[in-house]
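J.: File follows, structure.csv with CSV, N, CA and C atoms:
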chain,number,residue,atom,x,y,z
H,1,MET,N,131.9,-202.0,93.4
H,1,MET,CA,132.8,-201.0,93.1
H,1,MET,C,132.5,-200.4,91.7
H,2,THR,N,132.1,-201.2,90.7
H,2,THR,CA,131.8,-200.8,89.4
H,2,THR,C,130.5,-200.0,89.4
H,3,LEU,N,129.6,-200.2,90.3
H,3,LEU,CA,128.3,-199.5,90.4
H,3,LEU,C,128.7,-198.0,90.9
H,4,ARG,N,129.6,-197.9,91.8
H,4,ARG,CA,130.0,-196.6,92.3
H,4,ARG,C,130.7,-195.8,91.1
H,5,LEU,N,131.5,-196.5,90.4
H,5,LEU,CA,132.3,-195.9,89.3
H,5,LEU,C,131.3,-195.4,88.2
H,6,SER,N,130.3,-196.2,87.9
H,6,SER,CA,129.4,-195.9,86.9
H,6,SER,C,128.5,-194.7,87.3
H,7,LEU,N,128.1,-194.7,88.6
H,7,LEU,CA,127.4,-193.5,89.1
H,7,LEU,C,128.2,-192.2,89.1
H,8,LEU,N,129.5,-192.4,89.5
H,8,LEU,CA,130.3,-191.2,89.5
H,8,LEU,C,130.5,-190.7,88.0
H,9,LEU,N,130.7,-191.6,87.1
H,9,LEU,CA,130.9,-191.2,85.7
H,9,LEU,C,129.6,-190.5,85.2
H,10,MET,N,128.4,-191.0,85.6
H,10,MET,CA,127.2,-190.4,85.2
H,10,MET,C,127.0,-189.0,85.8
H,11,LEU,N,127.4,-188.9,87.0
H,11,LEU,CA,127.3,-187.6,87.7
H,11,LEU,C,128.2,-186.5,87.0
H,12,VAL,N,129.4,-187.0,86.7
H,12,VAL,CA,130.4,-186.1,86.1
H,12,VAL,C,129.9,-185.7,84.7
H,13,SER,N,129.3,-186.6,83.9
H,13,SER,CA,128.8,-186.3,82.6
H,13,SER,C,127.6,-185.3,82.7
H,14,LEU,N,126.8,-185.4,83.7
H,14,LEU,CA,125.7,-184.5,83.9
H,14,LEU,C,126.2,-183.1,84.2
H,15,LEU,N,127.2,-183.0,85.1
H,15,LEU,CA,127.8,-181.8,85.4
H,15,LEU,C,128.4,-181.1,84.2
H,16,VAL,N,129.1,-181.8,83.4
H,16,VAL,CA,129.7,-181.3,82.2
H,16,VAL,C,128.7,-180.8,81.2
H,17,ALA,N,127.6,-181.6,81.1
H,17,ALA,CA,126.5,-181.2,80.2
H,17,ALA,C,125.9,-179.9,80.7
H,18,GLY,N,125.7,-179.8,82.0
H,18,GLY,CA,125.1,-178.6,82.6
H,18,GLY,C,125.9,-177.4,82.4
H,19,ILE,N,127.3,-177.5,82.6
H,19,ILE,CA,128.2,-176.4,82.4
H,19,ILE,C,128.2,-176.0,80.9
H,20,ALA,N,128.2,-176.9,80.0
H,20,ALA,CA,128.3,-176.6,78.6
H,20,ALA,C,127.0,-175.9,78.1
H,21,SER,N,125.8,-176.2,78.7
H,21,SER,CA,124.6,-175.6,78.3
H,21,SER,C,124.4,-174.2,78.8
H,22,THR,N,125.2,-173.8,79.8
H,22,THR,CA,125.1,-172.4,80.3
H,22,THR,C,126.0,-171.4,79.7
H,23,GLY,N,126.6,-171.8,78.6
H,23,GLY,CA,127.6,-170.9,77.9
H,23,GLY,C,126.9,-169.8,77.2
H,24,LEU,N,127.6,-168.8,76.9
H,24,LEU,CA,127.1,-167.5,76.3
H,24,LEU,C,127.2,-167.7,74.8
H,25,ALA,N,126.2,-167.0,74.1
H,25,ALA,CA,126.3,-167.0,72.7
H,25,ALA,C,127.5,-166.2,72.2
H,26,ASP,N,127.8,-166.3,70.9
H,26,ASP,CA,129.0,-165.6,70.4
H,26,ASP,C,128.9,-164.1,70.6
H,27,GLY,N,129.9,-163.5,71.3
H,27,GLY,CA,130.0,-162.1,71.5
H,27,GLY,C,129.2,-161.6,72.7
H,28,GLU,N,128.4,-162.5,73.3
H,28,GLU,CA,127.7,-162.0,74.5
H,28,GLU,C,128.6,-161.9,75.7
H,29,THR,N,128.3,-161.0,76.6
H,29,THR,CA,129.1,-160.8,77.8
H,29,THR,C,128.2,-161.0,79.0
H,30,LEU,N,128.8,-161.6,80.0
H,30,LEU,CA,128.2,-161.8,81.3
H,30,LEU,C,128.5,-160.6,82.2
H,31,ALA,N,127.4,-160.0,82.8
H,31,ALA,CA,127.6,-158.8,83.6
H,31,ALA,C,126.7,-158.9,84.8
H,32,PHE,N,127.1,-158.2,85.9
H,32,PHE,CA,126.3,-158.1,87.0
H,32,PHE,C,126.0,-156.6,87.2
H,33,ALA,N,124.8,-156.3,87.7
H,33,ALA,CA,124.5,-154.8,87.9
H,33,ALA,C,123.6,-154.6,89.1
H,34,VAL,N,123.7,-153.4,89.6
H,34,VAL,CA,122.8,-152.9,90.7
H,34,VAL,C,122.2,-151.6,90.2
H,35,VAL,N,120.9,-151.5,90.3
H,35,VAL,CA,120.2,-150.3,89.8
H,35,VAL,C,120.6,-149.1,90.8
H,36,THR,N,121.0,-148.0,90.2
H,36,THR,CA,121.5,-146.9,91.1
H,36,THR,C,120.5,-145.8,91.3
H,37,GLU,N,119.5,-145.7,90.4
H,37,GLU,CA,118.5,-144.6,90.5
H,37,GLU,C,117.1,-145.2,90.3
H,38,ALA,N,116.1,-144.6,90.9
H,38,ALA,CA,114.7,-145.0,90.6
H,38,ALA,C,114.5,-144.9,89.1
H,39,PRO,N,114.1,-146.0,88.5
H,39,PRO,CA,113.9,-146.0,87.0
H,39,PRO,C,112.7,-145.1,86.6
H,40,LYS,N,113.0,-144.2,85.7
H,40,LYS,CA,112.0,-143.3,85.1
H,40,LYS,C,111.7,-143.8,83.7
H,41,ASP,N,112.7,-144.1,83.0
H,41,ASP,CA,112.6,-144.6,81.6
H,41,ASP,C,113.0,-146.1,81.6
H,42,LYS,N,112.1,-147.0,81.5
H,42,LYS,CA,112.4,-148.4,81.6
H,42,LYS,C,113.3,-148.9,80.5
H,43,ALA,N,113.4,-148.1,79.4
H,43,ALA,CA,114.2,-148.5,78.3
H,43,ALA,C,115.7,-148.3,78.6
H,44,ARG,N,116.0,-147.3,79.5
H,44,ARG,CA,117.4,-146.9,79.8
H,44,ARG,C,117.5,-146.8,81.3
H,45,ILE,N,118.0,-147.8,82.0
H,45,ILE,CA,118.1,-147.8,83.4
H,45,ILE,C,119.6,-147.5,83.9
H,46,SER,N,119.8,-146.6,84.8
H,46,SER,CA,121.1,-146.3,85.3
H,46,SER,C,121.5,-147.4,86.3
H,47,ALA,N,122.7,-147.9,86.2
H,47,ALA,CA,123.2,-149.0,87.1
H,47,ALA,C,124.7,-148.9,87.2
H,48,LYS,N,125.2,-149.5,88.3
H,48,LYS,CA,126.6,-149.9,88.4
H,48,LYS,C,126.7,-151.3,87.8
H,49,VAL,N,127.6,-151.4,86.8
H,49,VAL,CA,127.7,-152.7,86.1
H,49,VAL,C,129.1,-153.2,86.3
H,50,SER,N,129.2,-154.5,86.6
H,50,SER,CA,130.5,-155.2,86.7
H,50,SER,C,130.7,-156.2,85.6
H,51,ILE,N,131.7,-155.9,84.8
H,51,ILE,CA,132.1,-156.8,83.7
H,51,ILE,C,133.5,-157.2,83.9
H,52,ASN,N,133.8,-158.5,84.2
H,52,ASN,CA,135.1,-159.0,84.5
H,52,ASN,C,135.7,-158.2,85.7
H,53,ASP,N,134.9,-158.0,86.7
H,53,ASP,CA,135.3,-157.3,88.0
H,53,ASP,C,135.7,-155.9,87.8
H,54,ALA,N,135.4,-155.3,86.7
H,54,ALA,CA,135.6,-153.8,86.5
H,54,ALA,C,134.2,-153.2,86.6
H,55,VAL,N,134.1,-152.3,87.5
H,55,VAL,CA,132.8,-151.6,87.8
H,55,VAL,C,132.7,-150.3,87.2
H,56,THR,N,131.7,-150.0,86.4
H,56,THR,CA,131.4,-148.7,85.8
H,56,THR,C,130.0,-148.3,85.9
H,57,ASP,N,129.7,-147.0,85.8
H,57,ASP,CA,128.3,-146.5,85.7
H,57,ASP,C,127.9,-146.7,84.2
H,58,MET,N,126.8,-147.3,84.0
H,58,MET,CA,126.3,-147.5,82.6
H,58,MET,C,124.8,-147.4,82.6
H,59,LYS,N,124.3,-147.3,81.4
H,59,LYS,CA,122.9,-147.4,81.1
H,59,LYS,C,122.6,-148.8,80.7
H,60,LEU,N,121.6,-149.4,81.2
H,60,LEU,CA,121.1,-150.7,80.8
H,60,LEU,C,120.1,-150.5,79.7
H,61,LEU,N,120.3,-150.9,78.5
H,61,LEU,CA,119.4,-150.7,77.4
H,61,LEU,C,118.6,-151.9,77.1
H,62,ALA,N,117.3,-151.7,77.2
H,62,ALA,CA,116.4,-152.9,77.1
H,62,ALA,C,115.7,-152.9,75.7
H,63,SER,N,115.7,-154.1,75.1
H,63,SER,CA,115.0,-154.3,73.8
H,63,SER,C,113.5,-154.5,74.2
H,64,GLU,N,112.7,-154.6,73.1
H,64,GLU,CA,111.2,-154.7,73.3
H,64,GLU,C,110.9,-156.0,74.1
H,65,THR,N,111.7,-157.1,73.9
H,65,THR,CA,111.4,-158.3,74.6
H,65,THR,C,111.7,-158.1,76.1
H,66,ILE,N,112.8,-157.5,76.4
H,66,ILE,CA,113.2,-157.2,77.8
H,66,ILE,C,112.2,-156.3,78.5
H,67,LEU,N,111.7,-155.3,77.7
H,67,LEU,CA,110.7,-154.3,78.3
H,67,LEU,C,109.4,-155.0,78.7
H,68,ASN,N,109.1,-156.1,78.0
H,68,ASN,CA,107.9,-156.9,78.3
H,68,ASN,C,108.1,-157.9,79.4
H,69,ASN,N,109.3,-158.1,79.8
H,69,ASN,CA,109.6,-159.0,80.9
H,69,ASN,C,109.2,-158.5,82.2
H,70,LEU,N,108.5,-159.3,83.0
H,70,LEU,CA,107.9,-158.9,84.3
H,70,LEU,C,109.0,-158.4,85.3
H,71,ILE,N,110.2,-159.1,85.2
H,71,ILE,CA,111.3,-158.7,86.1
H,71,ILE,C,111.7,-157.2,85.8
H,72,TRP,N,111.7,-156.9,84.5
H,72,TRP,CA,112.2,-155.5,84.1
H,72,TRP,C,111.1,-154.5,84.5
H,73,LYS,N,109.9,-154.9,84.4
H,73,LYS,CA,108.8,-153.9,84.7
H,73,LYS,C,108.8,-153.6,86.2
H,74,LYS,N,109.3,-154.5,87.1
H,74,LYS,CA,109.2,-154.3,88.5
H,74,LYS,C,110.6,-153.8,89.1
H,75,LEU,N,111.5,-153.4,88.3
H,75,LEU,CA,112.8,-153.0,88.8
H,75,LEU,C,112.7,-151.7,89.6
H,76,GLU,N,113.5,-151.7,90.7
H,76,GLU,CA,113.6,-150.6,91.6
H,76,GLU,C,115.0,-150.3,91.9
H,77,ILE,N,115.3,-149.2,92.6
H,77,ILE,CA,116.6,-148.9,93.0
H,77,ILE,C,117.1,-150.0,93.9
H,78,CYS,N,118.4,-150.3,93.8
H,78,CYS,CA,119.1,-151.3,94.6
H,78,CYS,C,118.9,-152.8,94.1
H,79,HIS,N,118.1,-153.0,93.1
H,79,HIS,CA,117.9,-154.4,92.7
H,79,HIS,C,119.2,-154.9,92.0
H,80,ALA,N,119.6,-156.1,92.4
H,80,ALA,CA,120.8,-156.8,91.8
H,80,ALA,C,120.4,-157.7,90.7
H,81,MET,N,121.2,-157.7,89.6
H,81,MET,CA,120.8,-158.5,88.5
H,81,MET,C,122.1,-159.2,87.9
H,82,LYS,N,121.8,-160.3,87.3
H,82,LYS,CA,122.8,-161.0,86.5
H,82,LYS,C,122.3,-160.9,85.0
H,83,LEU,N,123.2,-160.3,84.2
H,83,LEU,CA,122.8,-160.0,82.8
H,83,LEU,C,123.7,-160.7,81.8
H,84,GLN,N,123.1,-160.9,80.6
H,84,GLN,CA,123.8,-161.3,79.5
H,84,GLN,C,123.5,-160.3,78.4
H,85,GLY,N,124.5,-159.9,77.6
H,85,GLY,CA,124.2,-159.0,76.5
H,85,GLY,C,125.5,-158.5,75.9
H,86,PHE,N,125.4,-157.3,75.4
H,86,PHE,CA,126.5,-156.7,74.6
H,86,PHE,C,126.9,-155.3,75.1
H,87,LYS,N,128.1,-155.0,75.2
H,87,LYS,CA,128.6,-153.7,75.6
H,87,LYS,C,128.6,-152.9,74.3
H,88,VAL,N,127.8,-151.8,74.3
H,88,VAL,CA,127.7,-150.9,73.2
H,88,VAL,C,128.1,-149.5,73.6
H,89,ALA,N,128.2,-148.5,72.7
H,89,ALA,CA,128.7,-147.2,73.0
H,89,ALA,C,127.7,-146.5,74.0
H,90,GLU,N,126.4,-146.7,73.9
H,90,GLU,CA,125.5,-146.1,74.8
H,90,GLU,C,125.4,-146.7,76.2
H,91,GLY,N,125.9,-147.9,76.3
H,91,GLY,CA,125.8,-148.6,77.6
H,91,GLY,C,125.9,-150.1,77.4
H,92,PHE,N,124.9,-150.9,78.0
H,92,PHE,CA,124.9,-152.3,78.0
H,92,PHE,C,123.6,-152.8,77.4
H,93,GLN,N,123.6,-153.4,76.2
H,93,GLN,CA,122.4,-153.9,75.6
H,93,GLN,C,122.0,-155.3,76.2
H,94,VAL,N,120.9,-155.3,76.9
H,94,VAL,CA,120.5,-156.5,77.7
H,94,VAL,C,119.8,-157.5,76.8
H,95,VAL,N,120.3,-158.8,76.8
H,95,VAL,CA,119.7,-159.9,76.1
H,95,VAL,C,118.8,-160.8,77.1
H,96,THR,N,119.4,-161.1,78.2
H,96,THR,CA,118.7,-161.8,79.3
H,96,THR,C,119.0,-161.2,80.6
H,97,VAL,N,118.0,-161.3,81.5
H,97,VAL,CA,118.1,-160.7,82.8
H,97,VAL,C,117.6,-161.7,83.9
H,98,HIS,N,118.3,-161.7,85.0
H,98,HIS,CA,117.9,-162.5,86.2
H,98,HIS,C,118.1,-161.7,87.4
H,99,VAL,N,117.1,-161.5,88.2
H,99,VAL,CA,117.3,-160.8,89.5
H,99,VAL,C,117.9,-161.8,90.5
H,100,ILE,N,118.9,-161.3,91.2
H,100,ILE,CA,119.6,-162.2,92.1
H,100,ILE,C,119.7,-161.5,93.5
H,101,ASP,N,120.0,-162.3,94.5
H,101,ASP,CA,120.3,-161.7,95.8
H,101,ASP,C,121.6,-161.0,95.8
H,102,ALA,N,121.7,-159.9,96.5
H,102,ALA,CA,122.9,-159.1,96.5
H,102,ALA,C,124.2,-159.9,97.0
H,103,GLY,N,124.0,-160.9,97.8
H,103,GLY,CA,125.1,-161.7,98.2
H,103,GLY,C,125.7,-162.5,97.1
H,104,LEU,N,125.0,-162.7,96.0
H,104,LEU,CA,125.5,-163.4,94.8
H,104,LEU,C,126.3,-162.5,93.8
H,105,LEU,N,126.3,-161.3,94.1
H,105,LEU,CA,127.1,-160.3,93.3
H,105,LEU,C,128.6,-160.5,93.4
H,106,PRO,N,129.4,-160.1,92.4
H,106,PRO,CA,130.8,-160.2,92.6
H,106,PRO,C,131.2,-159.2,93.8
H,107,MET,N,132.3,-159.5,94.4
H,107,MET,CA,132.8,-158.7,95.5
H,107,MET,C,132.9,-157.2,95.2
H,108,SER,N,133.2,-156.9,93.9
H,108,SER,CA,133.4,-155.6,93.5
H,108,SER,C,132.1,-154.8,93.5
H,109,LEU,N,130.9,-155.4,93.6
H,109,LEU,CA,129.6,-154.7,93.6
H,109,LEU,C,128.9,-154.9,95.0
H,110,GLN,N,129.3,-155.8,95.8
H,110,GLN,CA,128.6,-156.1,97.0
H,110,GLN,C,128.6,-155.0,98.0
H,111,SER,N,129.7,-154.2,98.1
H,111,SER,CA,129.7,-153.1,99.1
H,111,SER,C,128.7,-152.0,98.6
H,112,PHE,N,128.7,-151.7,97.3
H,112,PHE,CA,127.8,-150.7,96.8
H,112,PHE,C,126.3,-151.2,97.0
H,113,ALA,N,126.0,-152.4,96.7
H,113,ALA,CA,124.7,-152.9,96.9
H,113,ALA,C,124.2,-152.8,98.4
H,114,GLY,N,125.2,-153.1,99.3
H,114,GLY,CA,124.8,-153.0,100.7
H,114,GLY,C,124.6,-151.6,101.2
H,115,ASP,N,125.4,-150.7,100.7
H,115,ASP,CA,125.2,-149.3,101.0
H,115,ASP,C,123.9,-148.8,100.4
H,116,CYS,N,123.6,-149.2,99.2
H,116,CYS,CA,122.4,-148.8,98.6
H,116,CYS,C,121.1,-149.2,99.4
H,117,LEU,N,121.2,-150.5,99.8
H,117,LEU,CA,120.0,-151.0,100.6
H,117,LEU,C,119.9,-150.3,101.9
H,118,ILE,N,121.0,-150.0,102.6
H,118,ILE,CA,120.9,-149.2,103.9
H,118,ILE,C,120.3,-147.8,103.6
H,119,LYS,N,120.8,-147.2,102.6
H,119,LYS,CA,120.3,-145.8,102.2
H,119,LYS,C,118.9,-145.9,101.9
H,120,LYS,N,118.5,-146.9,101.1
H,120,LYS,CA,117.0,-147.1,100.8
H,120,LYS,C,116.2,-147.3,102.0
H,121,ALA,N,116.7,-148.0,103.0
H,121,ALA,CA,115.9,-148.3,104.2
H,121,ALA,C,115.8,-147.0,105.0
H,122,ILE,N,116.8,-146.2,105.1
H,122,ILE,CA,116.8,-145.0,105.9
H,122,ILE,C,116.0,-143.9,105.2
H,123,GLU,N,116.2,-143.7,103.9
H,123,GLU,CA,115.6,-142.5,103.3
H,123,GLU,C,114.2,-142.8,102.7
H,124,ILE,N,114.1,-143.9,102.0
H,124,ILE,CA,112.8,-144.2,101.3
H,124,ILE,C,111.8,-144.9,102.1
H,125,ALA,N,112.1,-145.8,102.9
H,125,ALA,CA,111.1,-146.6,103.6
H,125,ALA,C,110.3,-145.8,104.6
H,126,PRO,N,110.8,-144.8,105.3
H,126,PRO,CA,109.9,-144.0,106.2
H,126,PRO,C,108.9,-143.2,105.4
H,127,LEU,N,109.1,-143.0,104.2
H,127,LEU,CA,108.1,-142.2,103.4
H,127,LEU,C,106.9,-143.0,102.9
H,128,VAL,N,107.0,-144.3,103.1
H,128,VAL,CA,105.9,-145.2,102.6
H,128,VAL,C,104.7,-145.0,103.5
H,129,ASP,N,104.8,-144.7,104.8
H,129,ASP,CA,103.7,-144.5,105.7
H,129,ASP,C,102.9,-143.4,105.2
Would you mind writing the structure in this file as structure tokens?
T.:
Amino acid sequence: MTLRLSLLLMLVSLLVAGIASTGLADGETLAFAVVTEAPKDKARISAKVSINDAVTDMKLLASETILNNLIWKKLEICHAMKLQGFKVAEGFQVVTVHVIDAGLLPMSLQSFAGDCLIKKAIEIAPLVD
């Protein structure tokens, strides 16, 4: 019984340590976004952004570090992202970016992402041939 208890305590401590290490820096905001237009200027990307389940159209502003990120260089319309950064007057200043599956987006963005992917499949994909 004590072996199980010690394993359980060890597992709980690892979970708590993992949760604590994923925290945001002071002032940073967690956001989710879906690219709404084909990116022309990689420094300013149009997207639907969800912050605390409130969805707005914003520009994602990339710093030099983010511009050099391979994920950012390959962004296309309908890509879903998990972002950390700061809300500023011009849009959302991105500090970190992770591309995610649209199913992992908050419910407030999932319908938009689904519609975007269907529209992309119907309008853009046939032009590839």
J.: Report, in Å with one decimal, the straight-line distance from CA of Val35 in chain H to atom N of Asn68 in chain H.
T.: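 Going from CA of Val35 in chain H over to atom N of Asn68 in chain H, I get 17.2 Å.
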J.: Using all atoms listed in the file, find the one residue out of H:Leu61, H:Ala38, H:Val49, H:Met81 that sits nearest to Val94 in chain H.
T.: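 Residue with the minimum atom-to-atom distance to Val94 in chain H: H:Leu61.
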J.: Quote the spacing between atom C of Ala31 in chain H and CA of Thr96 in chain H in Å to one decimal place.
T.: 10.1 Å
J.: CA of Cys116 in chain H and atom N of Val34 in chain H, how far apart in Å?
T.: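 Computing it gives 10.2 Å between the two atoms.
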J.: According to DSSP computed on the backbone, where in range 14-88 of chain H is there alpha helix (DSSP H)? Give the residues as an MDAnalysis selection string.
T.: chainID H and resid 14:21 64:67 70:73
